[in-house]
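S.K.: File my_file.cif follows (mmCIF, C-alpha atoms):
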data_run
loop_
_atom_site.label_atom_id
_atom_site.label_comp_id
_atom_site.auth_asym_id
_atom_site.auth_seq_id
_atom_site.Cartn_x
_atom_site.Cartn_y
_atom_site.Cartn_z
CA MET F 135 68.52 88.44 -117.66
CA ASN F 136 70.96 86.78 -115.28
CA TRP F 137 72.73 89.15 -112.87
CA PRO F 138 74.75 86.85 -110.61
CA PHE F 139 75.93 89.66 -108.37
CA LEU F 140 72.41 90.18 -106.97
CA PRO F 141 71.37 88.28 -103.83
CA ALA F 142 68.96 85.37 -104.05
CA TRP F 143 65.24 86.07 -103.78
CA PRO F 144 63.44 85.31 -101.57
CA PRO F 145 66.36 85.80 -99.17
CA ASP F 146 67.61 82.85 -97.19
CA PHE F 147 68.11 84.08 -93.64
CA ASN F 148 71.44 82.97 -92.24
CA GLY F 149 72.34 82.48 -88.61
CA PHE F 150 73.62 86.04 -88.19
CA VAL F 151 70.39 87.64 -89.40
CA LEU F 152 68.34 85.22 -87.30
CA PHE F 153 70.39 85.93 -84.18
CA GLY F 154 69.96 89.68 -84.66
CA LEU F 155 66.23 89.40 -85.35
CA LEU F 156 65.60 87.29 -82.26
CA MET F 157 67.68 89.61 -80.08
CA LEU F 158 65.98 92.82 -81.27
CA ALA F 159 62.50 91.31 -81.03
CA GLY F 160 63.21 90.04 -77.52
CA LEU F 161 64.56 93.37 -76.31
CA VAL F 162 61.50 95.21 -77.62
CA GLY F 163 59.10 92.72 -76.04
CA GLY F 164 60.99 92.72 -72.75
CA GLU F 165 61.03 96.51 -72.53
CA LEU F 166 57.30 96.75 -73.24
CA ALA F 167 56.59 94.22 -70.50
CA HIS F 168 58.88 96.05 -68.08
CA ARG F 169 57.15 99.37 -68.74
CA SER F 170 53.80 97.81 -67.86
CA GLY F 171 54.93 97.89 -64.24
CA PHE F 172 53.62 94.43 -63.38
CA LEU F 173 54.95 92.02 -66.03
CA PRO F 174 58.46 90.55 -65.92
CA ARG F 175 60.64 90.97 -69.00
CA ILE F 176 60.47 87.23 -69.59
CA THR F 177 56.75 87.54 -70.33
CA GLY F 178 57.61 90.13 -72.97
CA PHE F 179 60.20 87.83 -74.54
CA ILE F 180 57.67 85.00 -74.75
CA ALA F 181 54.84 87.23 -75.96
CA ILE F 182 56.83 88.83 -78.79
CA GLY F 183 58.02 85.39 -79.88
CA PHE F 184 54.43 84.12 -79.94
CA VAL F 185 53.27 87.12 -82.01
CA LEU F 186 56.11 86.74 -84.52
CA GLY F 187 55.88 82.94 -84.60
CA PRO F 188 53.96 80.57 -86.87
CA SER F 189 50.77 80.81 -84.81
CA VAL F 190 50.26 84.54 -85.48
CA ALA F 191 52.36 86.64 -87.88
CA GLY F 192 54.50 83.80 -89.24
CA LEU F 193 57.63 85.97 -89.49
CA LEU F 194 59.51 83.31 -87.57
CA THR F 195 58.99 80.14 -89.58
CA PRO F 196 59.46 76.59 -88.28
CA GLU F 197 62.65 76.35 -90.37
CA MET F 198 64.04 79.50 -88.75
CA LEU F 199 63.19 78.17 -85.30
CA ASP F 200 65.02 74.93 -86.11
CA GLY F 201 68.01 77.03 -87.16
CA ALA F 202 67.94 78.81 -83.81
CA GLN F 203 68.13 75.52 -81.88
CA VAL F 204 71.88 75.85 -81.35
CA PHE F 205 71.32 79.14 -79.49
CA VAL F 206 68.56 77.49 -77.43
CA ASP F 207 70.83 74.58 -76.52
CA VAL F 208 73.57 76.94 -75.33
CA ALA F 209 71.07 78.95 -73.26
CA LEU F 210 69.63 75.81 -71.67
CA GLY F 211 73.16 74.66 -70.98
CA LEU F 212 74.03 77.85 -69.13
CA ILE F 213 70.83 77.76 -67.11
CA LEU F 214 70.89 74.08 -66.17
CA PHE F 215 74.57 74.23 -65.23
CA GLN F 216 73.92 77.30 -63.13
CA LEU F 217 70.96 75.60 -61.46
CA GLY F 218 72.99 72.48 -60.74
CA ARG F 219 75.64 74.65 -59.09
CA LEU F 220 73.00 75.80 -56.60
CA LEU F 221 72.23 72.28 -55.41
CA ASP F 222 74.48 71.57 -52.44
CA LEU F 223 73.98 67.91 -51.54
CA SER F 224 75.52 68.23 -48.08
CA LEU F 225 73.22 71.14 -47.27
CA ALA F 226 70.24 69.21 -48.64
CA ARG F 227 71.08 66.36 -46.25
CA GLN F 228 71.20 68.82 -43.35
CA GLU F 229 67.95 70.47 -44.46
CA ARG F 230 65.84 67.34 -44.09
CA SER F 231 62.61 69.32 -44.37
CA LEU F 232 63.68 70.61 -47.79
CA LEU F 233 64.43 67.12 -49.08
CA VAL F 234 61.16 65.79 -47.65
CA ALA F 235 59.27 68.68 -49.22
CA ALA F 236 60.92 68.02 -52.60
CA LEU F 237 59.95 64.36 -52.48
CA ALA F 238 56.45 65.23 -51.25
CA GLU F 239 55.65 67.87 -53.85
CA ALA F 240 57.11 65.74 -56.65
CA GLY F 241 55.18 62.66 -55.51
CA LEU F 242 51.92 64.50 -54.93
CA ALA F 243 52.18 66.30 -58.27
CA PHE F 244 52.74 62.96 -60.00
CA LEU F 245 49.77 61.31 -58.27
CA ALA F 246 47.46 64.28 -58.82
CA VAL F 247 48.23 64.59 -62.54
CA PHE F 248 48.03 60.82 -63.06
CA ALA F 249 44.67 60.57 -61.29
CA VAL F 250 43.14 63.50 -63.16
CA LEU F 251 44.27 62.32 -66.60
CA THR F 252 42.82 58.86 -66.04
CA LEU F 253 39.45 60.59 -65.50
CA PHE F 254 39.80 61.87 -69.09
CA ASP F 255 40.24 58.28 -70.32
CA VAL F 256 43.95 58.80 -71.05
CA PRO F 257 45.63 55.37 -71.15
CA LEU F 258 47.45 54.52 -67.92
CA ILE F 259 50.99 54.50 -69.33
CA GLN F 260 50.45 57.82 -71.15
CA ALA F 261 48.98 59.35 -68.00
CA ALA F 262 51.98 58.12 -66.00
CA VAL F 263 54.50 59.55 -68.50
CA ALA F 264 52.64 62.89 -68.53
CA ALA F 265 52.65 62.90 -64.73
CA ALA F 266 56.41 62.20 -64.65
CA ILE F 267 56.99 65.12 -67.03
CA GLY F 268 54.72 67.28 -64.86
CA ILE F 269 57.08 66.91 -61.90
CA SER F 270 59.57 69.21 -63.65
CA SER F 271 59.70 72.97 -63.20
CA SER F 272 61.24 75.56 -65.49
CA PRO F 273 64.70 76.57 -64.25
CA ALA F 274 64.99 79.17 -66.99
CA VAL F 275 61.93 81.13 -65.85
CA VAL F 276 62.73 80.99 -62.14
CA LEU F 277 66.41 81.87 -62.54
CA LEU F 278 65.72 84.72 -64.92
CA VAL F 279 62.96 86.24 -62.76
CA VAL F 280 65.22 85.96 -59.72
CA ARG F 281 67.98 87.65 -61.70
CA GLU F 282 65.73 90.45 -62.94
CA LEU F 283 64.38 91.22 -59.46
CA GLY F 284 67.65 90.68 -57.60
CA ALA F 285 65.78 88.45 -55.13
CA LYS F 286 67.79 86.95 -52.27
CA GLY F 287 66.71 85.12 -49.15
CA PRO F 288 65.64 81.75 -47.72
CA LEU F 289 62.52 81.43 -49.88
CA THR F 290 64.45 82.24 -53.06
CA ASP F 291 67.24 79.80 -52.15
CA ARG F 292 64.82 77.01 -51.34
CA SER F 293 62.83 77.62 -54.51
CA LEU F 294 65.93 77.29 -56.67
CA MET F 295 66.97 74.08 -54.95
CA LEU F 296 63.46 72.65 -55.34
CA VAL F 297 63.48 73.47 -59.05
CA ALA F 298 66.79 71.65 -59.45
CA MET F 299 65.51 68.60 -57.58
CA ASN F 300 62.23 68.68 -59.52
CA ASN F 301 64.06 68.29 -62.81
CA ILE F 302 66.20 65.44 -61.49
CA PHE F 303 63.14 63.61 -60.09
CA SER F 304 61.24 64.18 -63.33
CA PHE F 305 63.97 62.62 -65.44
CA LEU F 306 64.37 59.68 -63.07
CA ALA F 307 60.61 59.03 -63.04
CA TYR F 308 60.48 59.26 -66.83
CA THR F 309 63.43 56.87 -67.16
CA ALA F 310 61.76 54.38 -64.79
CA LEU F 311 58.69 54.37 -67.07
CA LEU F 312 60.63 53.76 -70.30
CA PRO F 313 60.59 49.93 -69.94
CA PHE F 314 56.79 50.02 -69.76
CA ILE F 315 56.63 52.14 -72.93
CA HIS F 316 58.86 49.63 -74.70
CA TYR F 317 56.75 46.77 -73.39
CA ALA F 318 53.60 48.43 -74.76
CA HIS F 319 55.32 48.52 -78.17
CA ASN F 320 56.32 44.85 -78.02
CA ALA F 321 60.03 45.60 -77.74
CA GLY F 322 62.37 42.91 -76.49
CA TRP F 323 63.42 42.89 -72.86
CA GLU F 324 66.96 43.88 -73.81
CA ILE F 325 65.83 47.21 -75.26
CA ALA F 326 63.20 47.75 -72.57
CA VAL F 327 65.79 47.38 -69.80
CA LEU F 328 69.06 48.40 -71.34
CA GLU F 329 68.04 51.60 -73.16
CA PRO F 330 66.87 53.47 -70.02
CA LEU F 331 69.96 52.32 -68.16
CA TYR F 332 72.15 53.40 -71.08
CA VAL F 333 70.61 56.88 -71.30
CA LEU F 334 70.90 57.41 -67.55
CA GLY F 335 74.39 55.98 -67.31
CA VAL F 336 75.90 57.71 -70.33
CA SER F 337 74.36 61.07 -69.36
CA VAL F 338 75.77 60.96 -65.85
CA GLY F 339 79.06 59.54 -67.15
CA ILE F 340 79.48 62.42 -69.60
CA ALA F 341 78.77 64.87 -66.80
CA GLY F 342 81.32 63.16 -64.57
CA GLY F 343 84.01 63.26 -67.25
CA PHE F 344 83.49 66.94 -68.01
CA ALA F 345 83.23 67.82 -64.31
CA TRP F 346 86.61 66.16 -63.66
CA LEU F 347 88.15 67.94 -66.65
CA LEU F 348 86.65 71.27 -65.59
CA LEU F 349 88.03 71.01 -62.06
CA GLN F 350 91.49 70.02 -63.31
CA LEU F 351 91.65 72.92 -65.75
CA ALA F 352 90.23 75.37 -63.19
CA ARG F 353 93.04 74.33 -60.83
CA LEU F 354 95.73 74.94 -63.45
CA LEU F 355 94.40 78.04 -65.23
CA PRO F 356 94.44 81.58 -63.81
CA LYS F 357 91.60 82.16 -61.37
CA ASP F 358 90.07 85.23 -62.97
CA GLU F 359 86.55 85.85 -64.27
CA THR F 360 87.48 86.09 -67.96
CA THR F 361 89.38 82.81 -68.01
CA GLN F 362 86.75 80.96 -65.99
CA PHE F 363 83.92 82.33 -68.12
CA ALA F 364 85.58 80.95 -71.25
CA LEU F 365 86.33 77.67 -69.49
CA LEU F 366 82.72 77.21 -68.35
CA ILE F 367 81.30 78.04 -71.78
CA GLY F 368 83.67 75.53 -73.36
CA MET F 369 82.72 72.79 -70.90
CA ILE F 370 78.99 73.43 -71.28
CA VAL F 371 79.05 73.47 -75.08
CA GLY F 372 81.27 70.37 -75.06
CA THR F 373 78.83 68.57 -72.78
CA VAL F 374 75.93 69.43 -75.11
CA GLY F 375 77.81 68.13 -78.14
CA VAL F 376 79.03 64.88 -76.59
CA ALA F 377 75.61 64.13 -75.05
CA GLN F 378 74.01 64.50 -78.48
CA LEU F 379 76.67 62.35 -80.14
CA ALA F 380 76.25 59.60 -77.55
CA ASN F 381 72.42 59.69 -77.62
CA GLY F 382 72.36 60.67 -73.98
CA SER F 383 70.19 63.30 -72.33
CA MET F 384 71.63 66.77 -72.82
CA LEU F 385 69.33 68.10 -70.07
CA LEU F 386 70.40 65.58 -67.44
CA SER F 387 74.09 65.84 -68.39
CA LEU F 388 74.11 69.62 -67.94
CA LEU F 389 72.23 69.52 -64.66
CA ALA F 390 74.50 66.75 -63.36
CA LEU F 391 77.58 68.70 -64.53
CA GLY F 392 76.55 71.63 -62.36
CA VAL F 393 75.76 69.44 -59.36
CA MET F 394 79.06 67.54 -59.62
CA THR F 395 81.12 70.67 -60.14
CA ARG F 396 79.59 72.26 -57.06
CA ASN F 397 79.90 69.26 -54.77
CA LEU F 398 83.29 67.90 -55.93
CA ASP F 399 85.03 71.27 -55.88
CA ARG F 400 86.43 70.96 -52.36
CA HIS F 401 88.98 73.76 -52.78
CA SER F 402 86.73 76.24 -54.65
CA HIS F 403 88.74 76.21 -57.86
CA VAL F 404 85.62 77.24 -59.82
CA LEU F 405 84.41 80.75 -59.12
CA PRO F 406 80.72 81.43 -58.37
CA VAL F 407 78.71 81.36 -61.58
CA ASP F 408 77.71 84.68 -63.12
CA PHE F 409 77.38 84.62 -66.88
CA GLY F 410 76.50 88.31 -67.00
CA SER F 411 75.59 90.04 -70.24
CA GLY F 412 77.15 87.31 -72.41
CA GLY F 413 74.73 84.74 -71.11
CA GLU F 414 71.89 87.25 -71.21
CA LEU F 415 72.00 87.30 -75.01
CA PHE F 416 71.25 83.59 -75.17
CA PHE F 417 68.57 83.84 -72.46
CA VAL F 418 66.64 86.40 -74.52
CA ILE F 419 66.76 84.16 -77.59
CA LEU F 420 65.69 81.15 -75.53
CA PHE F 421 62.44 82.78 -74.46
CA VAL F 422 61.66 84.36 -77.83
CA VAL F 423 62.01 80.95 -79.47
CA ALA F 424 59.96 79.35 -76.67
CA GLY F 425 57.19 81.87 -77.31
CA ALA F 426 57.31 81.31 -81.06
CA ARG F 427 56.87 77.58 -80.50
CA LEU F 428 53.71 78.01 -78.44
CA HIS F 429 50.64 76.98 -80.41
CA LEU F 430 47.08 77.62 -79.33
CA SER F 431 46.17 74.57 -81.36
CA ASP F 432 47.98 72.46 -78.75
CA LEU F 433 45.73 73.86 -76.06
CA SER F 434 42.56 73.51 -78.12
CA SER F 435 43.33 69.91 -79.11
CA ALA F 436 44.06 68.90 -75.51
CA GLY F 437 41.02 70.80 -74.25
CA PHE F 438 40.08 70.42 -70.62
CA ALA F 439 42.67 67.68 -70.10
CA ALA F 440 45.48 70.27 -70.35
CA VAL F 441 43.66 72.61 -67.95
CA ALA F 442 43.11 69.72 -65.53
CA PHE F 443 46.82 68.82 -65.84
CA VAL F 444 47.77 72.38 -64.82
CA ALA F 445 45.34 72.48 -61.88
CA ALA F 446 46.30 69.05 -60.53
CA ARG F 447 50.00 69.79 -60.84
CA PHE F 448 49.63 73.06 -58.93
CA VAL F 449 47.60 71.45 -56.14
CA GLY F 450 50.10 68.61 -55.76
CA LYS F 451 53.16 70.85 -55.66
CA SER F 452 51.57 73.40 -53.32
CA ALA F 453 50.44 70.70 -50.88
CA GLY F 454 53.90 69.15 -50.86
CA VAL F 455 55.66 72.45 -50.26
CA MET F 456 53.53 73.06 -47.16
CA ILE F 457 55.76 70.53 -45.38
CA LEU F 458 58.38 73.31 -45.35
CA MET F 459 56.38 75.05 -42.62
CA ARG F 460 58.38 72.91 -40.21
CA GLY F 461 61.62 73.91 -41.89
CA GLY F 462 61.75 77.63 -41.21
CA LEU F 463 58.98 79.00 -43.47
CA ASP F 464 55.45 79.84 -42.36
CA MET F 465 52.29 78.93 -44.28
CA ARG F 466 52.22 82.17 -46.26
CA GLN F 467 55.83 81.77 -47.41
CA SER F 468 55.25 78.12 -48.28
CA ALA F 469 52.23 79.10 -50.38
CA LEU F 470 54.33 81.71 -52.19
CA MET F 471 57.02 79.11 -52.82
CA GLY F 472 54.42 76.92 -54.48
CA LEU F 473 53.85 79.72 -56.99
CA THR F 474 57.53 79.76 -57.97
CA LEU F 475 57.21 76.11 -59.04
CA VAL F 476 54.36 76.82 -61.48
CA PRO F 477 56.48 77.48 -64.64
CA MET F 478 57.19 74.39 -66.74
CA ALA F 479 59.07 74.27 -70.05
CA GLY F 480 62.63 73.09 -70.75
CA MET F 481 62.72 69.58 -69.26
CA ALA F 482 59.04 69.01 -70.13
CA ILE F 483 59.55 69.96 -73.78
CA GLY F 484 62.74 67.90 -74.00
CA LEU F 485 61.14 64.73 -72.59
CA THR F 486 58.02 65.17 -74.73
CA GLN F 487 60.08 65.60 -77.89
CA MET F 488 62.21 62.59 -76.95
CA THR F 489 59.06 60.47 -76.59
CA ALA F 490 57.51 61.78 -79.82
CA ALA F 491 60.69 61.09 -81.81
CA ARG F 492 60.86 57.47 -80.62
CA PHE F 493 57.16 56.63 -80.28
CA PRO F 494 55.18 59.05 -82.51
CA GLU F 495 51.80 57.29 -82.26
CA PHE F 496 52.10 56.73 -78.52
CA ALA F 497 53.07 60.37 -77.94
CA ALA F 498 50.23 61.96 -79.95
CA THR F 499 47.83 62.38 -77.01
CA LEU F 500 50.69 62.88 -74.56
CA SER F 501 52.20 65.72 -76.63
CA ALA F 502 48.87 67.49 -77.01
CA ILE F 503 48.23 67.47 -73.25
CA VAL F 504 51.76 68.42 -72.14
CA LEU F 505 52.28 71.10 -74.79
CA GLY F 506 48.81 72.48 -74.11
CA ALA F 507 49.71 72.72 -70.41
CA ILE F 508 52.98 74.45 -71.31
CA VAL F 509 51.04 77.11 -73.22
CA ILE F 510 49.21 77.92 -69.98
CA LEU F 511 52.15 77.55 -67.61
CA GLU F 512 54.57 79.63 -69.69
CA THR F 513 51.95 82.37 -69.91
CA VAL F 514 51.08 82.66 -66.23
CA GLY F 515 54.24 81.14 -64.72
CA PRO F 516 56.59 84.13 -64.98
CA VAL F 517 53.91 86.48 -63.63
CA LEU F 518 53.17 84.23 -60.65
CA THR F 519 56.88 83.74 -59.94
CA GLU F 520 57.49 87.49 -59.91
CA TYR F 521 54.44 88.02 -57.69
CA ALA F 522 55.63 85.37 -55.22
CA LEU F 523 59.15 86.77 -54.95
CA LYS F 524 57.93 90.34 -54.49
CA ARG F 525 55.43 89.30 -51.82
CA SER F 526 58.09 87.27 -50.03
CA GLY F 527 59.97 90.42 -49.04
CA GLU F 528 63.17 89.15 -50.63
CA VAL F 529 63.25 91.68 -53.46
CA PRO F 530 65.14 94.98 -52.97
CA GLU F 531 62.84 97.87 -52.10
CA ASP F 532 63.11 99.48 -55.53
CA GLY F 533 61.72 96.17 -56.90
CA ALA F 534 63.13 96.92 -60.31
CA ALA F 535 66.62 95.52 -60.47
CA ASN F 536 67.64 95.44 -64.10
CA THR F 537 68.39 92.06 -65.60
CA ALA F 538 71.87 93.15 -66.53
CA ASP F 539 72.66 94.45 -63.05
CA ALA F 540 70.94 92.02 -60.71
CA GLU F 541 72.79 88.95 -59.56
CA VAL F 542 71.39 85.46 -59.51
CA PRO F 543 71.97 83.92 -56.09
CA ASP F 544 75.13 82.14 -57.10
CA ASP F 545 76.67 79.95 -54.49
CA ALA F 546 75.13 81.70 -51.52
CA ALA F 547 72.59 78.94 -51.38
CA ALA F 548 75.28 76.42 -52.10
CA SER F 549 77.92 77.72 -49.78
CA GLY F 550 77.39 75.03 -47.21
CA ASP F 551 76.46 77.64 -44.60
CA PRO F 552 73.21 76.52 -42.95
CA SER F 553 72.58 80.06 -41.72
CA VAL F 554 71.69 81.03 -45.27
CA MET F 555 68.68 78.74 -45.08
CA GLU F 556 67.56 79.31 -41.52
CA GLY F 557 66.14 82.84 -41.55
CA LYS F 558 62.43 83.43 -42.16
CA ASP F 559 62.62 86.68 -44.07
CA ALA F 560 65.22 88.45 -46.10
#
When written as structure tokens, how does the structure in this file appear?

M.R.:
Amino acid sequence: MNWPFLPAWPPDFNGFVLFGLLMLAGLVGGELAHRSGFLPRITGFIAIGFVLGPSVAGLLTPEMLDGAQVFVDVALGLILFQLGRLLDLSLARQERSLLVAALAEAGLAFLAVFAVLTLFDVPLIQAAVAAAIGISSSPAVVLLVVRELGAKGPLTDRSLMLVAMNNIFSFLAYTALLPFIHYAHNAGWEIAVLEPLYVLGVSVGIAGGFAWLLLQLARLLPKDETTQFALLIGMIVGTVGVAQLANGSMLLSLLALGVMTRNLDRHSHVLPVDFGSGGELFFVILFVVAGARLHLSDLSSAGFAAVAFVAARFVGKSAGVMILMRGGLDMRQSALMGLTLVPMAGMAIGLTQMTAARFPEFAATLSAIVLGAIVILETVGPVLTEYALKRSGEVPEDGAANTADAEVPDDAAASGDPSVMEGKDA
């Protein structure tokens, strides 16, 4: 019997149902983690996503996760833009020790990961690409833990700037290696040279165009939080869309948009970034989806190579950060800062997926190692970041600032006031 008024079975989950399911699951997981007393809410978001994902319960199918990608892109856009806004280039030039430390920890992390992977008989070019990806740190984890704890101070400010620079260095290193990947696949010199230059140029160009448009509109429109919130969301979503249409890098475009907006806004037309509860909705979904996409099979297939990747990366970054001892932080604080750089996800996943889509056979071993490392780093990273910030003395005494109430250090670190960066303790 045909009853056309009945819904289809099995039901086809639409975007509204998926959004609600991800939100509710994330809130439950985050609250359980918060009640543990020692886990950040982010760990709960990731854990509940992993339990509901294909690796365990299978309630969140790969098709559903693909459908949630638009929410993930918006969340990454908000986070990368916000992170870029924290990178004050003039202050970085004044803080020579910070710039040296960023170059040192990025370089040492690259060399350490590259050297270790070659010991596992990983081909040189694959080891180099994995090492370039390993330079990156997860801005989403660090920003959200900072927001949840309400952390403020020199260590927190430096950590956020290092994370921003890590992602820029990672993309540049990856782009520099693209010609060698093309050469290994017998591509012509035109593709080997022009494609990396195109991706880099078009990504930065898109960011420059949207940054100019944003500053012009911010100058003309009313300077209130509601108007600017809508303006920023529109610019970020527009940047994501145009970068995808032009085959540029969405990640680099968003990060560059934040950096340009911060450093070209001479008259402070754009208010300090605080996406508040509206952005929080997307952040929850981002981490639930990230957890659902974690697969223990990635770790098992990569084996000890993924574990070695994690260990080498940590040693390289920690050793590089120690240079900051001459820049206002003592050895203990520098060691704690090294812990805030442990998380790795967004940029690493994006670059790995980009490689796998273009060079599937080449990226097989690479993907297994990097994704296996991400399983480890996204599990322990949020916990280590929270531990480091609490031990730094830069978290309010109650130590339990709610995510909705705490403020991410907006432009305090990017205010151009060197005094923000000169104190030793909060």

S.K.: List every protein, DNA or RNA residue that has an atom no more than 7 Å from (71.5, 80.5, -71.9) in the file's coordinate frame, counting only C-alpha atoms, and report them as an mmCIF file with C-alpha atoms, keeping the file's coordinate frame.

M.R.:
data_model
loop_
_atom_site.group_PDB
_atom_site.id
_atom_site.type_symbol
_atom_site.label_atom_id
_atom_site.label_comp_id
_atom_site.auth_asym_id
_atom_site.auth_seq_id
_atom_site.Cartn_x
_atom_site.Cartn_y
_atom_site.Cartn_z
ATOM 1 C CA VAL F 206 68.560 77.490 -77.430
ATOM 2 C CA VAL F 208 73.570 76.940 -75.330
ATOM 3 C CA ALA F 209 71.070 78.950 -73.260
ATOM 4 C CA LEU F 210 69.630 75.810 -71.670
ATOM 5 C CA GLY F 211 73.160 74.660 -70.980
ATOM 6 C CA LEU F 212 74.030 77.850 -69.130
ATOM 7 C CA ILE F 213 70.830 77.760 -67.110
ATOM 8 C CA GLY F 413 74.730 84.740 -71.110
ATOM 9 C CA GLU F 414 71.890 87.250 -71.210
ATOM 10 C CA PHE F 416 71.250 83.590 -75.170
ATOM 11 C CA PHE F 417 68.570 83.840 -72.460
ATOM 12 C CA LEU F 420 65.690 81.150 -75.530
#

S.K.: Figure out the distance between CA of Ile269 in chain F and CA of Ala243 in chain F, please, to one decimal in Å.

M.R.: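 CA of Ile269 in chain F lies at a distance of 6.1 Å from CA of Ala243 in chain F.
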
S.K.: Assuming the chain letters and numbering stay as they are in my file, what does the PyMOL selection byres ((chain F and resi 236) around 8) actually select? List them as a list in words.

M.R.: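 Matching residues under the PyMOL selection byres ((chain F and resi 236) around 8) are Leu232, Leu233, Val234, Ala235, Leu237, Ala238, Glu239, Ala240, Leu296, Met299, Asn300, Gly454 and Val455 of chain F.
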
S.K.: If you measure from CA of Leu217 in chain F to CA of Val418 in chain F, what distance in Å do you get, rounded to one decimal?

M.R.: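 One can read the CA of Leu217 in chain F to CA of Val418 in chain F distance as 17.5 Å.
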
S.K.: I'd like to know which of F:Thr395, F:Gln378, F:Thr290, F:Gln350 is closest to Gly472 in chain F, using all atoms listed in the file.

M.R.: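 The closest residue to Gly472 in chain F is F:Thr290.
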
S.K.: Would you compute an axis-aligned box for range 438-441 of chain F, covering every atom listed for it in the file with 6 Å of margin on each side, and report centre and edge lengths in Å to one decimal as AutoDock Vina command-line options?

M.R.:
--center_x 42.8 --center_y 70.1 --center_z -69.3 --size_x 17.4 --size_y 16.9 --size_z 14.7

S.K.: Hey, what's within 12 Å of Glu520 in chain F if we count all atoms listed in the file and toss same-chain stuff fewer than 5 positions away? As an MDAnalysis selection string, please?

M.R.: chainID F and resid 168 171:177 275:285 290 470:471 473:477 514:515 525:529 533:534

S.K.: May I have the protein, DNA and RNA residues with an atom at most 12 Å from (70.6, 85.6, -84.3), counting all atoms listed in the file in the file's coordinates, returned as an MDAnalysis selection string?

M.R.: chainID F and resid 147:160 194 198:199 201:206 415:416 418:420 422:423

S.K.: I'd like the residues picked by the PyMOL selection byres ((chain F and resi 498-513) around 7) written out as an mmCIF file with C-alpha atoms, in the coordinates of the input, using the chain letters and numbers from the file.

M.R.:
data_model
loop_
_atom_site.group_PDB
_atom_site.id
_atom_site.type_symbol
_atom_site.label_atom_id
_atom_site.label_comp_id
_atom_site.auth_asym_id
_atom_site.auth_seq_id
_atom_site.Cartn_x
_atom_site.Cartn_y
_atom_site.Cartn_z
ATOM 1 C CA GLN F 260 50.450 57.820 -71.150
ATOM 2 C CA ALA F 264 52.640 62.890 -68.530
ATOM 3 C CA LEU F 428 53.710 78.010 -78.440
ATOM 4 C CA ASP F 432 47.980 72.460 -78.750
ATOM 5 C CA LEU F 433 45.730 73.860 -76.060
ATOM 6 C CA SER F 435 43.330 69.910 -79.110
ATOM 7 C CA ALA F 436 44.060 68.900 -75.510
ATOM 8 C CA ALA F 439 42.670 67.680 -70.100
ATOM 9 C CA ALA F 440 45.480 70.270 -70.350
ATOM 10 C CA VAL F 441 43.660 72.610 -67.950
ATOM 11 C CA PHE F 443 46.820 68.820 -65.840
ATOM 12 C CA VAL F 444 47.770 72.380 -64.820
ATOM 13 C CA VAL F 476 54.360 76.820 -61.480
ATOM 14 C CA PRO F 477 56.480 77.480 -64.640
ATOM 15 C CA MET F 478 57.190 74.390 -66.740
ATOM 16 C CA ALA F 479 59.070 74.270 -70.050
ATOM 17 C CA THR F 486 58.020 65.170 -74.730
ATOM 18 C CA PRO F 494 55.180 59.050 -82.510
ATOM 19 C CA GLU F 495 51.800 57.290 -82.260
ATOM 20 C CA PHE F 496 52.100 56.730 -78.520
ATOM 21 C CA ALA F 497 53.070 60.370 -77.940
ATOM 22 C CA VAL F 514 51.080 82.660 -66.230
ATOM 23 C CA GLY F 515 54.240 81.140 -64.720
ATOM 24 C CA PRO F 516 56.590 84.130 -64.980
#

S.K.: Excluding Leu405 in chain F and its own-chain neighbours fewer than 3 positions away, which residues fall within 8 Å of it when counting all atoms listed in the file? Please give them as a list of chain:residue names.

M.R.: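 With the cut-off at 8 Å, the set is F:Lys357, F:Glu359, F:Gln362, F:Ser402.
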
S.K.: Could you list, as number ranges by chain, every residue matched by the PyMOL selection byres ((chain F and resi 393) around 10) in this structure?

M.R.: F: 214-223, 298, 341-342, 345, 387-392, 394-398

S.K.: Go through F:Phe448, F:Phe493, F:Phe303, F:Tyr332 one by one, measure the shortest atom-to-atom distance of each to His319 in chain F using all atoms listed in the file, and give the residue with the smallest value.

M.R.: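 Using all atoms listed in the file, His319 in chain F sits closest to F:Phe493.
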
S.K.: At what distance in Å, to one decimal, does CA of Lys524 in chain F lie from CA of Glu229 in chain F?

M.R.: 24.4 Å

S.K.: Measuring atom to atom with only C-alpha atoms, identify which of F:Thr309, F:Ser271, F:Asn381, F:Val404 is nearest to Leu294 in chain F.

M.R.: F:Ser271

S.K.: At a cut-off of 12 Å, using all atoms listed in the file, what residues contact Pro188 in chain F? Leave out same-chain residues fewer than 2 positions from it and give the result as a list in words.

M.R.: Ile182, Gly183, Phe184, Val185, Leu186, Val190, Ala191, Gly192, Leu193, Leu194, Thr195, Pro196, Glu197, Met198, Leu199, Val423, Ala424, Gly425, Ala426, Arg427, Leu428, His429, Leu430 and Ser431 of chain F

S.K.: For each of F:Gln228, F:Asp207, F:Leu253, F:Ala469, take the minimum atom-to-atom distance to Thr373 in chain F, counting all atoms listed in the file, then give the residue where this is smallest.

M.R.: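 Of F:Gln228, F:Asp207, F:Leu253, F:Ala469, the one nearest Thr373 in chain F is F:Asp207, counting all atoms listed in the file.
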
S.K.: So which one's closest to Asn301 in chain F, F:Val336, F:Val327, F:Ile483, F:Ala318? Using all atoms listed in the file, please.

M.R.: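 When distances to Asn301 in chain F are compared using all atoms listed in the file, the smallest one comes from F:Ile483.
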